[in-house]
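These notes are about the structure you will find just below.
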Amino acid sequence: MLAAIVFINFASARSAELTFSDKTTKVIKKVASYSFSCYLFHIPVYHFIKYSIAPPTDSMVIWL
């Protein structure tokens, strides 16, 4: 169901033939160039920050 909604969203955006200024296009492309990296690294960074602030107490590392 979700895939159908996403497909309809992309198809309707393409058929709308939206036009943007050159400045807006550059900003969108710049932001889009970082979005995949953010997607890939958000969970590892989250875990790094989480365990840096409050290390797990049930880990075997404590006993070593």
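Ligands are numbered from 1 in the order shown, chains are lettered A, B, ... in the order of the structure tokens, and residues start at 1 in each chain.
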Practice task
Run DSSP on the backbone of this structure and report the residues of chain A it assigns to helix (DSSP H, G or I), as number ranges by chain.
Solution key: A: 2-16, 22-53, 60-63
Exercise for the section: For atom CA of A:Arg14 and atom CA of A:Ile28, quote the distance in Å rounded to one decimal. Expected result: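 These atoms are spaced 15.9 Å apart.
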Exercise for the section: Rounded to one decimal place, report the atom CA of A:Phe20-atom CA of A:Ala32 distance in Å. Expected result: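 These atoms are spaced 15.3 Å apart.
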Practice task
For atom CA of A:His42 and atom CA of A:Thr24, quote the distance in Å rounded to one decimal.
Solution key: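 According to the coordinates, atom CA of A:His42 and atom CA of A:Thr24 are separated by 25.9 Å.
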